[in-house]
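Asks: Enclosed is the structure file entry-v2.json (JSON, C-alpha atoms).
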[["chain", "number", "residue", "atom", "x", "y", "z"],
["A", 1, "MET", "CA", 20.68, -70.58, -38.56],
["A", 2, "LYS", "CA", 19.58, -72.09, -41.86],
["A", 3, "GLU", "CA", 19.40, -68.59, -43.26],
["A", 4, "GLN", "CA", 23.01, -68.02, -42.24],
["A", 5, "ALA", "CA", 24.06, -71.33, -43.73],
["A", 6, "ASP", "CA", 22.35, -70.44, -47.01],
["A", 7, "PHE", "CA", 23.99, -67.05, -47.12],
["A", 8, "PHE", "CA", 27.01, -68.48, -48.92],
["A", 9, "SER", "CA", 26.30, -70.35, -52.09],
["A", 10, "GLN", "CA", 28.30, -73.32, -53.37],
["A", 11, "SER", "CA", 29.94, -70.94, -55.85],
["A", 12, "HIS", "CA", 31.32, -68.84, -52.99],
["A", 13, "LYS", "CA", 32.71, -71.89, -51.26],
["A", 14, "ARG", "CA", 34.19, -73.18, -54.50],
["A", 15, "LEU", "CA", 35.85, -69.83, -55.22],
["A", 16, "LEU", "CA", 37.24, -69.62, -51.70],
["A", 17, "ASN", "CA", 38.56, -73.17, -52.01],
["A", 18, "PHE", "CA", 40.30, -72.23, -55.27],
["A", 19, "ALA", "CA", 41.72, -69.16, -53.52],
["A", 20, "ILE", "CA", 43.13, -71.29, -50.70],
["A", 21, "TRP", "CA", 44.63, -73.79, -53.16],
["A", 22, "ALA", "CA", 46.15, -71.00, -55.24],
["A", 23, "LYS", "CA", 47.67, -69.43, -52.10],
["A", 24, "TYR", "CA", 49.34, -72.67, -51.02],
["A", 25, "LEU", "CA", 50.32, -73.63, -54.56],
["A", 26, "ALA", "CA", 52.07, -70.25, -54.93],
["A", 27, "TRP", "CA", 54.43, -71.11, -52.07],
["A", 28, "ILE", "CA", 54.99, -74.65, -53.37],
["A", 29, "VAL", "CA", 55.90, -73.31, -56.83],
["A", 30, "LEU", "CA", 58.27, -70.74, -55.30],
["A", 31, "VAL", "CA", 60.05, -73.33, -53.15],
["A", 32, "ILE", "CA", 60.33, -75.76, -56.11],
["A", 33, "ASN", "CA", 61.89, -73.04, -58.27],
["A", 34, "ILE", "CA", 64.37, -72.10, -55.53],
["A", 35, "PHE", "CA", 65.43, -75.76, -55.36],
["A", 36, "TYR", "CA", 65.58, -75.78, -59.17],
["A", 37, "VAL", "CA", 67.98, -72.78, -59.07],
["A", 38, "ILE", "CA", 70.23, -74.57, -56.57],
["A", 39, "GLY", "CA", 69.96, -77.74, -58.67],
["A", 40, "THR", "CA", 71.02, -75.86, -61.80],
["A", 41, "TYR", "CA", 74.18, -74.63, -60.06],
["A", 42, "ILE", "CA", 74.97, -78.09, -58.67],
["A", 43, "GLN", "CA", 74.38, -79.67, -62.10],
["A", 44, "ALA", "CA", 76.69, -77.15, -63.80],
["A", 45, "GLN", "CA", 79.35, -77.84, -61.19],
["A", 46, "TYR", "CA", 78.91, -81.60, -61.57],
["A", 47, "TYR", "CA", 79.21, -81.50, -65.38],
["A", 48, "TYR", "CA", 82.24, -79.22, -65.17],
["A", 49, "ASP", "CA", 83.99, -81.52, -62.66],
["A", 50, "PHE", "CA", 83.09, -84.59, -64.73],
["A", 51, "TYR", "CA", 84.44, -83.21, -68.01],
["A", 52, "SER", "CA", 87.46, -81.48, -66.47],
["A", 53, "ILE", "CA", 88.62, -84.82, -65.02],
["A", 54, "GLN", "CA", 88.15, -86.45, -68.44],
["A", 55, "ARG", "CA", 90.19, -83.70, -70.09],
["A", 56, "GLY", "CA", 92.82, -83.70, -67.38],
["A", 57, "GLN", "CA", 92.06, -80.15, -66.25],
["A", 58, "PHE", "CA", 92.33, -79.47, -62.54],
["A", 59, "LEU", "CA", 90.83, -76.01, -62.24],
["A", 60, "GLU", "CA", 88.27, -75.60, -59.45],
["A", 61, "PHE", "CA", 84.71, -74.76, -60.57],
["A", 62, "SER", "CA", 84.76, -71.48, -58.61],
["A", 63, "GLN", "CA", 88.12, -70.55, -60.19],
["A", 64, "MET", "CA", 86.77, -71.35, -63.64],
["A", 65, "LEU", "CA", 83.75, -69.10, -62.99],
["A", 66, "GLY", "CA", 86.16, -66.27, -62.14],
["A", 67, "GLU", "CA", 88.10, -66.76, -65.37],
["A", 68, "ASN", "CA", 85.35, -67.66, -67.85],
["A", 69, "LEU", "CA", 83.10, -64.61, -67.48],
["A", 70, "ALA", "CA", 80.91, -65.43, -70.49],
["A", 71, "TYR", "CA", 80.06, -68.81, -68.97],
["A", 72, "THR", "CA", 79.49, -67.22, -65.55],
["A", 73, "PHE", "CA", 77.16, -64.64, -67.11],
["A", 74, "GLY", "CA", 75.22, -67.38, -68.93],
["A", 75, "LEU", "CA", 74.89, -69.49, -65.79],
["A", 76, "LEU", "CA", 73.86, -66.48, -63.68],
["A", 77, "VAL", "CA", 71.23, -65.43, -66.23],
["A", 78, "GLU", "CA", 69.90, -68.97, -66.41],
["A", 79, "MET", "CA", 69.64, -69.18, -62.62],
["A", 80, "LEU", "CA", 68.01, -65.75, -62.39],
["A", 81, "ASN", "CA", 65.62, -66.74, -65.16],
["A", 82, "ILE", "CA", 64.48, -69.81, -63.21],
["A", 83, "LEU", "CA", 64.24, -67.83, -59.97],
["A", 84, "PHE", "CA", 62.19, -65.03, -61.52],
["A", 85, "ARG", "CA", 59.98, -67.51, -63.33],
["A", 86, "GLY", "CA", 59.21, -68.89, -59.87],
["A", 87, "ILE", "CA", 58.58, -65.40, -58.51],
["A", 88, "VAL", "CA", 56.28, -64.60, -61.46],
["A", 89, "TYR", "CA", 54.24, -67.80, -60.91],
["A", 90, "PHE", "CA", 54.20, -67.10, -57.17],
["A", 91, "LEU", "CA", 52.87, -63.57, -57.64],
["A", 92, "LEU", "CA", 50.36, -64.63, -60.30],
["A", 93, "LEU", "CA", 48.96, -67.40, -58.08],
["A", 94, "LYS", "CA", 48.90, -65.05, -55.09],
["A", 95, "GLY", "CA", 47.13, -62.48, -57.28],
["A", 96, "ILE", "CA", 44.58, -65.09, -58.38],
["A", 97, "SER", "CA", 43.99, -66.07, -54.75],
["A", 98, "LEU", "CA", 43.50, -62.44, -53.67],
["A", 99, "GLY", "CA", 41.37, -61.70, -56.73],
["A", 100, "LEU", "CA", 39.00, -64.60, -55.97],
["A", 101, "ASN", "CA", 38.72, -63.50, -52.34],
["A", 102, "MET", "CA", 37.92, -59.96, -53.46],
["A", 103, "ILE", "CA", 35.24, -61.21, -55.88],
["A", 104, "VAL", "CA", 33.57, -63.21, -53.07],
["A", 105, "GLU", "CA", 33.83, -60.25, -50.69],
["A", 106, "THR", "CA", 32.33, -57.88, -53.28],
["A", 107, "ASP", "CA", 29.45, -60.23, -54.03],
["A", 108, "ILE", "CA", 28.71, -60.70, -50.33],
["A", 109, "ASN", "CA", 28.81, -56.95, -49.78],
["A", 110, "TYR", "CA", 26.24, -56.43, -52.53],
["A", 111, "ARG", "CA", 24.05, -59.28, -51.22],
["A", 112, "GLU", "CA", 24.13, -57.79, -47.72],
["A", 113, "ASN", "CA", 23.36, -54.38, -49.13],
["A", 114, "ARG", "CA", 20.41, -55.79, -51.07],
["A", 115, "GLU", "CA", 19.12, -57.67, -48.03],
["A", 116, "GLN", "CA", 19.39, -54.54, -45.89],
["A", 117, "GLY", "CA", 17.51, -52.64, -48.59],
["A", 118, "ASN", "CA", 14.77, -55.27, -48.64],
["A", 119, "ALA", "CA", 14.56, -55.37, -44.84],
["A", 120, "SER", "CA", 14.16, -51.61, -44.39],
["B", 121, "MET", "CA", 20.66, -53.53, -36.32],
["B", 122, "SER", "CA", 23.40, -54.84, -34.02],
["B", 123, "ASP", "CA", 22.01, -58.38, -34.45],
["B", 124, "ASN", "CA", 22.15, -57.80, -38.17],
["B", 125, "LEU", "CA", 25.83, -56.77, -37.97],
["B", 126, "ARG", "CA", 26.59, -59.74, -35.73],
["B", 127, "GLY", "CA", 24.87, -61.98, -38.24],
["B", 128, "GLN", "CA", 26.97, -60.55, -41.06],
["B", 129, "ILE", "CA", 30.16, -61.13, -39.08],
["B", 130, "TYR", "CA", 29.00, -64.65, -38.23],
["B", 131, "ASN", "CA", 28.31, -65.44, -41.88],
["B", 132, "ARG", "CA", 31.74, -64.27, -42.98],
["B", 133, "MET", "CA", 33.66, -65.89, -40.14],
["B", 134, "ASN", "CA", 31.77, -69.15, -40.50],
["B", 135, "LEU", "CA", 33.15, -69.53, -44.01],
["B", 136, "LYS", "CA", 36.74, -69.33, -42.81],
["B", 137, "GLU", "CA", 38.81, -72.43, -42.17],
["B", 138, "THR", "CA", 39.14, -73.47, -38.52],
["B", 139, "LEU", "CA", 42.91, -72.92, -38.73],
["B", 140, "ASP", "CA", 42.37, -69.33, -39.90],
["B", 141, "LEU", "CA", 39.91, -68.69, -37.09],
["B", 142, "LEU", "CA", 42.34, -70.14, -34.55],
["B", 143, "GLU", "CA", 45.08, -67.89, -35.91],
["B", 144, "ILE", "CA", 42.90, -64.78, -35.57],
["B", 145, "TRP", "CA", 41.81, -65.91, -32.12],
["B", 146, "GLN", "CA", 45.35, -66.51, -30.88],
["B", 147, "THR", "CA", 46.89, -63.43, -32.52],
["B", 148, "ASN", "CA", 44.25, -61.37, -30.69],
["B", 149, "ASP", "CA", 44.68, -58.31, -32.89],
["B", 150, "ARG", "CA", 42.12, -55.91, -31.41],
["B", 151, "LEU", "CA", 42.97, -53.24, -33.94],
["B", 152, "GLU", "CA", 42.08, -55.43, -36.90],
["B", 153, "TRP", "CA", 39.13, -57.32, -35.40],
["B", 154, "SER", "CA", 36.31, -56.01, -33.23],
["B", 155, "ASP", "CA", 35.17, -57.48, -29.89],
["B", 156, "THR", "CA", 32.06, -58.82, -31.64],
["B", 157, "ALA", "CA", 34.29, -60.62, -34.16],
["B", 158, "PHE", "CA", 36.13, -62.37, -31.32],
["B", 159, "GLN", "CA", 32.83, -63.33, -29.66],
["B", 160, "VAL", "CA", 31.63, -64.76, -32.97],
["B", 161, "ILE", "CA", 34.90, -66.66, -33.53],
["B", 162, "GLU", "CA", 34.62, -68.20, -30.05],
["B", 163, "GLU", "CA", 31.03, -69.20, -30.79],
["B", 164, "ILE", "CA", 31.97, -70.79, -34.14],
["B", 165, "LEU", "CA", 34.93, -72.66, -32.65],
["B", 166, "LYS", "CA", 32.66, -74.03, -29.92],
["B", 167, "GLU", "CA", 30.12, -75.08, -32.56],
["B", 168, "ARG", "CA", 32.88, -76.85, -34.45],
["B", 169, "LYS", "CA", 33.86, -78.58, -31.20],
["B", 170, "VAL", "CA", 37.41, -77.22, -31.38],
["B", 171, "GLU", "CA", 39.45, -76.79, -28.23],
["B", 172, "ILE", "CA", 39.79, -73.04, -27.78],
["B", 173, "PRO", "CA", 43.41, -72.10, -27.09],
["B", 174, "GLN", "CA", 44.57, -69.25, -24.89],
["B", 175, "GLN", "CA", 44.85, -65.88, -26.61],
["B", 176, "ASN", "CA", 48.08, -63.91, -26.89],
["B", 177, "GLN", "CA", 48.39, -60.47, -25.33],
["B", 178, "PRO", "CA", 45.97, -58.16, -27.15],
["B", 179, "ILE", "CA", 47.50, -56.04, -29.91],
["B", 180, "TYR", "CA", 46.34, -52.42, -29.85],
["B", 181, "GLU", "CA", 48.89, -50.87, -32.22],
["B", 182, "HIS", "CA", 50.65, -51.93, -35.42],
["B", 183, "SER", "CA", 53.99, -50.19, -35.35],
["B", 184, "GLU", "CA", 55.71, -52.69, -37.68],
["B", 185, "LYS", "CA", 52.87, -52.76, -40.16],
["B", 186, "GLU", "CA", 52.55, -48.98, -40.06],
["B", 187, "ASP", "CA", 56.28, -48.67, -40.79],
["B", 188, "GLU", "CA", 55.85, -51.06, -43.72],
["B", 189, "ILE", "CA", 52.86, -49.07, -44.98],
["B", 190, "GLU", "CA", 54.87, -45.85, -44.76],
["B", 191, "SER", "CA", 57.78, -47.41, -46.65],
["B", 192, "PHE", "CA", 55.49, -48.16, -49.61],
["B", 193, "ASN", "CA", 54.49, -44.52, -50.19],
["B", 194, "PHE", "CA", 50.88, -45.36, -50.90],
["B", 195, "SER", "CA", 48.65, -42.86, -52.65],
["B", 196, "GLU", "CA", 45.81, -41.16, -50.78],
["B", 197, "SER", "CA", 43.16, -43.41, -52.37],
["B", 198, "GLU", "CA", 45.16, -46.54, -51.52],
["B", 199, "LEU", "CA", 45.57, -45.43, -47.90],
["B", 200, "LYS", "CA", 41.83, -44.79, -47.74],
["B", 201, "ILE", "CA", 41.20, -48.40, -48.72],
["B", 202, "ILE", "CA", 43.82, -49.76, -46.27],
["B", 203, "ASP", "CA", 42.69, -47.66, -43.30],
["B", 204, "ASP", "CA", 38.94, -48.13, -43.81],
["B", 205, "GLN", "CA", 37.04, -48.79, -40.58],
["B", 206, "ASN", "CA", 35.01, -51.55, -42.22],
["B", 207, "PRO", "CA", 37.76, -53.99, -43.29],
["B", 208, "PRO", "CA", 37.05, -57.00, -45.52],
["B", 209, "ALA", "CA", 36.90, -60.46, -43.96],
["B", 210, "PHE", "CA", 38.48, -62.56, -46.70],
["B", 211, "TYR", "CA", 41.62, -60.64, -47.61],
["B", 212, "ASP", "CA", 44.00, -57.94, -46.45],
["B", 213, "PRO", "CA", 43.84, -54.78, -48.64],
["B", 214, "PHE", "CA", 47.46, -54.02, -47.79],
["B", 215, "ASP", "CA", 48.43, -57.44, -49.12],
["B", 216, "VAL", "CA", 46.60, -56.78, -52.40],
["B", 217, "ILE", "CA", 48.21, -53.37, -53.01],
["B", 218, "LYS", "CA", 51.62, -54.74, -51.98],
["B", 219, "THR", "CA", 51.24, -57.70, -54.37],
["B", 220, "SER", "CA", 50.12, -55.39, -57.16],
["B", 221, "ARG", "CA", 53.23, -53.25, -56.64],
["B", 222, "GLN", "CA", 55.48, -56.31, -56.48],
["B", 223, "ILE", "CA", 54.02, -57.63, -59.75],
["B", 224, "GLU", "CA", 54.80, -54.29, -61.45],
["B", 225, "ILE", "CA", 58.39, -54.38, -60.15],
["B", 226, "VAL", "CA", 58.87, -57.99, -61.29],
["B", 227, "ALA", "CA", 57.38, -57.11, -64.70],
["B", 228, "LYS", "CA", 60.08, -54.45, -65.14],
["B", 229, "VAL", "CA", 62.83, -56.79, -63.91],
["B", 230, "MET", "CA", 61.63, -59.41, -66.40],
["B", 231, "ILE", "CA", 62.34, -57.00, -69.29],
["B", 232, "GLY", "CA", 66.01, -56.83, -68.26],
["B", 233, "LEU", "CA", 66.13, -60.55, -67.70],
["B", 234, "VAL", "CA", 64.62, -61.40, -71.10],
["B", 235, "ILE", "CA", 67.23, -59.15, -72.78],
["B", 236, "ALA", "CA", 70.08, -60.67, -70.71],
["B", 237, "TYR", "CA", 68.85, -64.21, -71.44],
["B", 238, "ASN", "CA", 68.81, -63.63, -75.19],
["B", 239, "VAL", "CA", 72.23, -61.95, -75.12],
["B", 240, "ALA", "CA", 73.66, -64.83, -73.09],
["B", 241, "ASN", "CA", 72.24, -67.30, -75.63],
["B", 242, "PHE", "CA", 73.66, -65.44, -78.62],
["B", 243, "SER", "CA", 76.05, -68.27, -79.51],
["B", 244, "SER", "CA", 73.29, -70.92, -79.57],
["B", 245, "SER", "CA", 71.08, -68.63, -81.71],
["B", 246, "LEU", "CA", 74.05, -68.08, -84.02],
["B", 247, "ARG", "CA", 74.60, -71.83, -84.36],
["B", 248, "ILE", "CA", 70.93, -72.32, -85.28],
["B", 249, "VAL", "CA", 71.11, -69.64, -87.98],
["B", 250, "GLN", "CA", 74.43, -71.02, -89.23],
["B", 251, "GLY", "CA", 72.69, -74.37, -89.63],
["B", 252, "TYR", "CA", 70.53, -72.80, -92.36],
["B", 253, "PHE", "CA", 73.55, -71.14, -94.06],
["B", 254, "PHE", "CA", 75.99, -74.04, -93.91],
["B", 255, "THR", "CA", 77.61, -73.02, -97.24],
["B", 256, "ASN", "CA", 78.86, -69.72, -95.77],
["B", 257, "PRO", "CA", 78.36, -69.78, -92.00],
["B", 258, "THR", "CA", 80.56, -66.76, -91.23],
["B", 259, "SER", "CA", 79.05, -64.26, -93.64],
["B", 260, "THR", "CA", 77.74, -60.88, -92.45],
["B", 261, "ALA", "CA", 74.19, -61.92, -93.40],
["B", 262, "VAL", "CA", 74.31, -64.75, -90.85],
["B", 263, "TYR", "CA", 75.21, -62.34, -88.04],
["B", 264, "LEU", "CA", 72.58, -59.87, -89.23],
["B", 265, "ILE", "CA", 69.86, -62.54, -89.31],
["B", 266, "THR", "CA", 70.97, -63.78, -85.86],
["B", 267, "PHE", "CA", 70.67, -60.24, -84.54],
["B", 268, "ILE", "CA", 67.16, -59.89, -86.03],
["B", 269, "VAL", "CA", 66.13, -63.30, -84.60],
["B", 270, "ILE", "CA", 67.42, -62.34, -81.15],
["B", 271, "ALA", "CA", 65.69, -58.94, -81.33],
["B", 272, "LEU", "CA", 62.39, -60.58, -82.32],
["B", 273, "ASN", "CA", 62.73, -63.23, -79.63],
["B", 274, "THR", "CA", 63.45, -60.53, -77.06],
["B", 275, "ALA", "CA", 60.46, -58.46, -78.16],
["B", 276, "ILE", "CA", 58.13, -61.48, -78.01],
["B", 277, "GLY", "CA", 59.58, -62.44, -74.61],
["B", 278, "ILE", "CA", 58.93, -58.94, -73.25],
["B", 279, "LEU", "CA", 55.41, -58.83, -74.71],
["B", 280, "THR", "CA", 54.47, -62.22, -73.27],
["B", 281, "THR", "CA", 55.78, -61.48, -69.78],
["B", 282, "TYR", "CA", 55.50, -57.73, -69.15],
["B", 283, "PHE", "CA", 51.96, -57.11, -70.42],
["B", 284, "PRO", "CA", 50.23, -60.08, -68.76],
["B", 285, "LEU", "CA", 51.91, -59.19, -65.46],
["B", 286, "PHE", "CA", 51.00, -55.54, -65.83],
["B", 287, "ALA", "CA", 47.40, -56.56, -66.63],
["B", 288, "VAL", "CA", 47.19, -58.75, -63.49],
["B", 289, "SER", "CA", 48.47, -55.84, -61.40],
["B", 290, "ARG", "CA", 45.79, -53.54, -62.88],
["B", 291, "ILE", "CA", 43.06, -56.18, -62.43],
["B", 292, "LEU", "CA", 43.94, -56.43, -58.73],
["B", 293, "LYS", "CA", 43.68, -52.65, -58.37],
["B", 294, "ILE", "CA", 40.32, -52.58, -60.15],
["B", 295, "LEU", "CA", 38.98, -55.45, -58.04],
["B", 296, "ILE", "CA", 40.02, -53.79, -54.78],
["B", 297, "GLU", "CA", 38.31, -50.56, -55.85],
["B", 298, "MET", "CA", 35.16, -52.48, -56.77],
["B", 299, "GLU", "CA", 35.21, -54.24, -53.42],
["B", 300, "PHE", "CA", 35.85, -50.97, -51.58],
["B", 301, "ASN", "CA", 32.88, -49.30, -53.30],
["B", 302, "SER", "CA", 30.63, -52.22, -52.44],
["B", 303, "ARG", "CA", 31.92, -52.07, -48.85],
["B", 304, "LYS", "CA", 30.92, -48.43, -48.60],
["B", 305, "ALA", "CA", 27.48, -49.34, -49.83],
["B", 306, "VAL", "CA", 27.13, -51.77, -46.91],
["B", 307, "SER", "CA", 28.20, -49.30, -44.25]]
For the structure just supplied, provide its representation as structure tokens.

Replies:
Amino acid sequence: MKEQADFFSQSHKRLLNFAIWAKYLAWIVLVINIFYVIGTYIQAQYYYDFYSIQRGQFLEFSQMLGENLAYTFGLLVEMLNILFRGIVYFLLLKGISLGLNMIVETDINYRENREQGNAS
Amino acid sequence: MSDNLRGQIYNRMNLKETLDLLEIWQTNDRLEWSDTAFQVIEEILKERKVEIPQQNQPIYEHSEKEDEIESFNFSESELKIIDDQNPPAFYDPFDVIKTSRQIEIVAKVMIGLVIAYNVANFSSSLRIVQGYFFTNPTSTAVYLITFIVIALNTAIGILTTYFPLFAVSRILKILIEMEFNSRKAVS
């Protein structure tokens, strides 16, 4: 049993822990960025409503988006930029997690192979 | 030899979190995990003094996953890695290849997005350049410099997003090949 317990070194366990953290962090980052996208839209709507009341304009935010295409394009690009930044971080963290797992798996495969070679 | 294999499975499973083991146990995917793997999982859960839940109906075919695999049009070498009879314990090869593909797609999308972002921010870039040429802010040179600044910013944006993402995608592919080759050495 001790032999089995010693099979994995502290480095393996540390790498696997990092992999687990990276996997969960990826989802957290993605969810935060989705909320950030929604927040950006709400903020734009809030500022528009605030200033339109001050200026005495009574055009709905959705109507304004339909008329002011340059602004709509800018807002859409900004929201997409935040969303894709989240997706990029998500995929990078997921990639790091998978990469660490693959490194551990590869090392264990070679260790097992070496032990089998020594045993035979 | 069979004890040796059981020992290997034990070592790998023993490193997994209890929650992961419970998930494998309950999912009861007989196509992905062998009978020995389930025996080992039960043994580990008992050792960890965890209440062993009832298993779901055993899964003997993966129609949904197979459909997903078909939809990705994997190459022959990729399919060889996915369908290998000696699957890895710590990750899903399908997940790695899928993630690698997704990273490549996102890298391409990011090129379009970087261009769109810089085009959408043309007016703010123009204002910055005009700040340096306050004596004649509407001259042709101002627009020309703004265009050059935006082009440079776009190029740097593409370089700093596309290439790192592309590199990560390639690193994942190299790592899975390395792991696959080491796996073959074990079998």

Asks: I want to know what sits within 9 Å of Lys23 in chain A, based on all atoms listed in the file, with residues of the same chain fewer than 5 positions away left out; could you give that as number ranges by chain?

Replies: A: 18, 90, 93-98

Asks: For Asn301 in chain B, list every protein, DNA or RNA residue within 12 Å, evaluated using only C-alpha atoms, and leave out those in the same chain fewer than 3 positions away; present the list as a list of chain:residue names.

Replies: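 Here the qualifying residues turn out to be A:Met102, A:Glu105, A:Thr106, A:Asp107, A:Asn109, A:Tyr110, A:Asn113, B:Ser197, B:Lys200, B:Ile201, B:Asp204, B:Asn206, B:Pro208, B:Ile294, B:Leu295, B:Ile296, B:Glu297, B:Met298, B:Lys304, B:Ala305, B:Val306, B:Ser307.
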
Asks: A:Phe58, A:Tyr48, A:Trp27, A:Phe8: which is nearest chain B, counting only C-alpha atoms?

Replies: A:Phe8

Asks: Just how far from CA of Ser245 in chain B is CA of Tyr71 in chain A, in Å to one decimal?

Replies: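 CA of Ser245 in chain B lies 15.6 Å from CA of Tyr71 in chain A.
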
Asks: List the spatial neighbours of Leu264 in chain B as a ChimeraX atom specification - criterion: any atom at most 12 Å away, only C-alpha atoms, same-chain residues fewer than 4 positions off excluded.

Replies: /B:245-246,249-250,257-260,268-271

Asks: From the options A:Tyr51, A:Tyr89, A:Phe61, A:Phe73, which residue's atoms come nearest to chain B, counting only C-alpha atoms?

Replies: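 For chain B, the nearest of the candidates is A:Phe73.
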
Asks: Return the single residue from B:Leu279, B:Ile144, B:Leu151, B:Ile129 that is closest to chain A, with distances computed using all atoms listed in the file.

Replies: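 Among B:Leu279, B:Ile144, B:Leu151, B:Ile129, it is B:Ile129 that comes nearest to chain A.
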
Asks: Show me a table, sorted first by chain and then by increasing residue number, of the residues of chain B having an atom at most 9 Å from chain A, each with its shortest atom pair and the distance in Å to one decimal, counting only C-alpha atoms and written as a Markdown table.

Replies:
| residue | atom | partner | partner_atom | distance |
| --- | --- | --- | --- | --- |
| B:Asn124 | CA | A:Gln116 | CA | 8.8 |
| B:Gly127 | CA | A:Gln4 | CA | 7.5 |
| B:Gln128 | CA | A:Glu112 | CA | 7.7 |
| B:Tyr130 | CA | A:Gln4 | CA | 8.0 |
| B:Asn131 | CA | A:Gln4 | CA | 5.9 |
| B:Arg132 | CA | A:Phe8 | CA | 8.7 |
| B:Asn134 | CA | A:Ala5 | CA | 8.6 |
| B:Leu135 | CA | A:Lys13 | CA | 7.6 |
| B:Lys136 | CA | A:Leu16 | CA | 8.9 |
| B:Pro208 | CA | A:Glu105 | CA | 6.9 |
| B:Ala209 | CA | A:Glu105 | CA | 7.4 |
| B:Phe210 | CA | A:Asn101 | CA | 5.7 |
| B:Tyr211 | CA | A:Asn101 | CA | 6.2 |
| B:Asp212 | CA | A:Leu98 | CA | 8.5 |
| B:Asp215 | CA | A:Leu98 | CA | 8.4 |
| B:Val216 | CA | A:Leu98 | CA | 6.6 |
| B:Thr219 | CA | A:Leu91 | CA | 6.9 |
| B:Ser220 | CA | A:Gly95 | CA | 7.7 |
| B:Gln222 | CA | A:Leu91 | CA | 7.8 |
| B:Ile223 | CA | A:Leu91 | CA | 6.4 |
| B:Val226 | CA | A:Val88 | CA | 7.1 |
| B:Ala227 | CA | A:Val88 | CA | 8.2 |
| B:Val229 | CA | A:Phe84 | CA | 8.6 |
| B:Met230 | CA | A:Phe84 | CA | 7.5 |
| B:Leu233 | CA | A:Asn81 | CA | 6.7 |
| B:Val234 | CA | A:Asn81 | CA | 8.0 |
| B:Ala236 | CA | A:Val77 | CA | 6.6 |
| B:Tyr237 | CA | A:Val77 | CA | 5.9 |
| B:Val239 | CA | A:Gly74 | CA | 8.8 |
| B:Ala240 | CA | A:Gly74 | CA | 5.1 |
| B:Asn241 | CA | A:Gly74 | CA | 7.3 |
| B:Thr281 | CA | A:Val88 | CA | 8.9 |
| B:Leu285 | CA | A:Leu92 | CA | 7.7 |
| B:Val288 | CA | A:Gly95 | CA | 7.2 |
| B:Ser289 | CA | A:Gly95 | CA | 7.9 |
| B:Ile291 | CA | A:Gly99 | CA | 8.1 |
| B:Leu292 | CA | A:Gly99 | CA | 6.2 |
| B:Leu295 | CA | A:Met102 | CA | 6.5 |
| B:Ile296 | CA | A:Met102 | CA | 6.6 |
| B:Met298 | CA | A:Thr106 | CA | 7.0 |
| B:Glu299 | CA | A:Thr106 | CA | 4.6 |
| B:Phe300 | CA | A:Thr106 | CA | 7.9 |
| B:Asn301 | CA | A:Thr106 | CA | 8.6 |
| B:Ser302 | CA | A:Asn109 | CA | 5.7 |
| B:Arg303 | CA | A:Asn109 | CA | 5.9 |
| B:Lys304 | CA | A:Asn109 | CA | 8.9 |
| B:Ala305 | CA | A:Asn113 | CA | 6.5 |
| B:Val306 | CA | A:Asn113 | CA | 5.1 |
| B:Ser307 | CA | A:Asn113 | CA | 8.5 |

Asks: Write the residues you've just listed into a file as a compact mmCIF listing (two decimals), in the coordinates of the input, and include C-alpha atoms for each of them.

Replies:
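Okay, again25.txt is ready:
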# COMPACT_ATOMS: atom_id res chain seq x y z
CA ASN B 124 22.15 -57.80 -38.17
CA GLY B 127 24.87 -61.98 -38.24
CA GLN B 128 26.97 -60.55 -41.06
CA TYR B 130 29.00 -64.65 -38.23
CA ASN B 131 28.31 -65.44 -41.88
CA ARG B 132 31.74 -64.27 -42.98
CA ASN B 134 31.77 -69.15 -40.50
CA LEU B 135 33.15 -69.53 -44.01
CA LYS B 136 36.74 -69.33 -42.81
CA PRO B 208 37.05 -57.00 -45.52
CA ALA B 209 36.90 -60.46 -43.96
CA PHE B 210 38.48 -62.56 -46.70
CA TYR B 211 41.62 -60.64 -47.61
CA ASP B 212 44.00 -57.94 -46.45
CA ASP B 215 48.43 -57.44 -49.12
CA VAL B 216 46.60 -56.78 -52.40
CA THR B 219 51.24 -57.70 -54.37
CA SER B 220 50.12 -55.39 -57.16
CA GLN B 222 55.48 -56.31 -56.48
CA ILE B 223 54.02 -57.63 -59.75
CA VAL B 226 58.87 -57.99 -61.29
CA ALA B 227 57.38 -57.11 -64.70
CA VAL B 229 62.83 -56.79 -63.91
CA MET B 230 61.63 -59.41 -66.40
CA LEU B 233 66.13 -60.55 -67.70
CA VAL B 234 64.62 -61.40 -71.10
CA ALA B 236 70.08 -60.67 -70.71
CA TYR B 237 68.85 -64.21 -71.44
CA VAL B 239 72.23 -61.95 -75.12
CA ALA B 240 73.66 -64.83 -73.09
CA ASN B 241 72.24 -67.30 -75.63
CA THR B 281 55.78 -61.48 -69.78
CA LEU B 285 51.91 -59.19 -65.46
CA VAL B 288 47.19 -58.75 -63.49
CA SER B 289 48.47 -55.84 -61.40
CA ILE B 291 43.06 -56.18 -62.43
CA LEU B 292 43.94 -56.43 -58.73
CA LEU B 295 38.98 -55.45 -58.04
CA ILE B 296 40.02 -53.79 -54.78
CA MET B 298 35.16 -52.48 -56.77
CA GLU B 299 35.21 -54.24 -53.42
CA PHE B 300 35.85 -50.97 -51.58
CA ASN B 301 32.88 -49.30 -53.30
CA SER B 302 30.63 -52.22 -52.44
CA ARG B 303 31.92 -52.07 -48.85
CA LYS B 304 30.92 -48.43 -48.60
CA ALA B 305 27.48 -49.34 -49.83
CA VAL B 306 27.13 -51.77 -46.91
CA SER B 307 28.20 -49.30 -44.25

Asks: If you measure from CA of Leu141 in chain B to CA of Leu15 in chain A, what distance in Å do you get, rounded to one decimal?

Replies: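 Those two atoms sit 18.6 Å apart.
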
Asks: Using all atoms listed in the file, which residue out of B:Ile225, B:Ala261, B:Leu142, B:Ile231 lies closest to Ile276 in chain B?

Replies: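 Of all the options, B:Ile231 lies closest to Ile276 in chain B.
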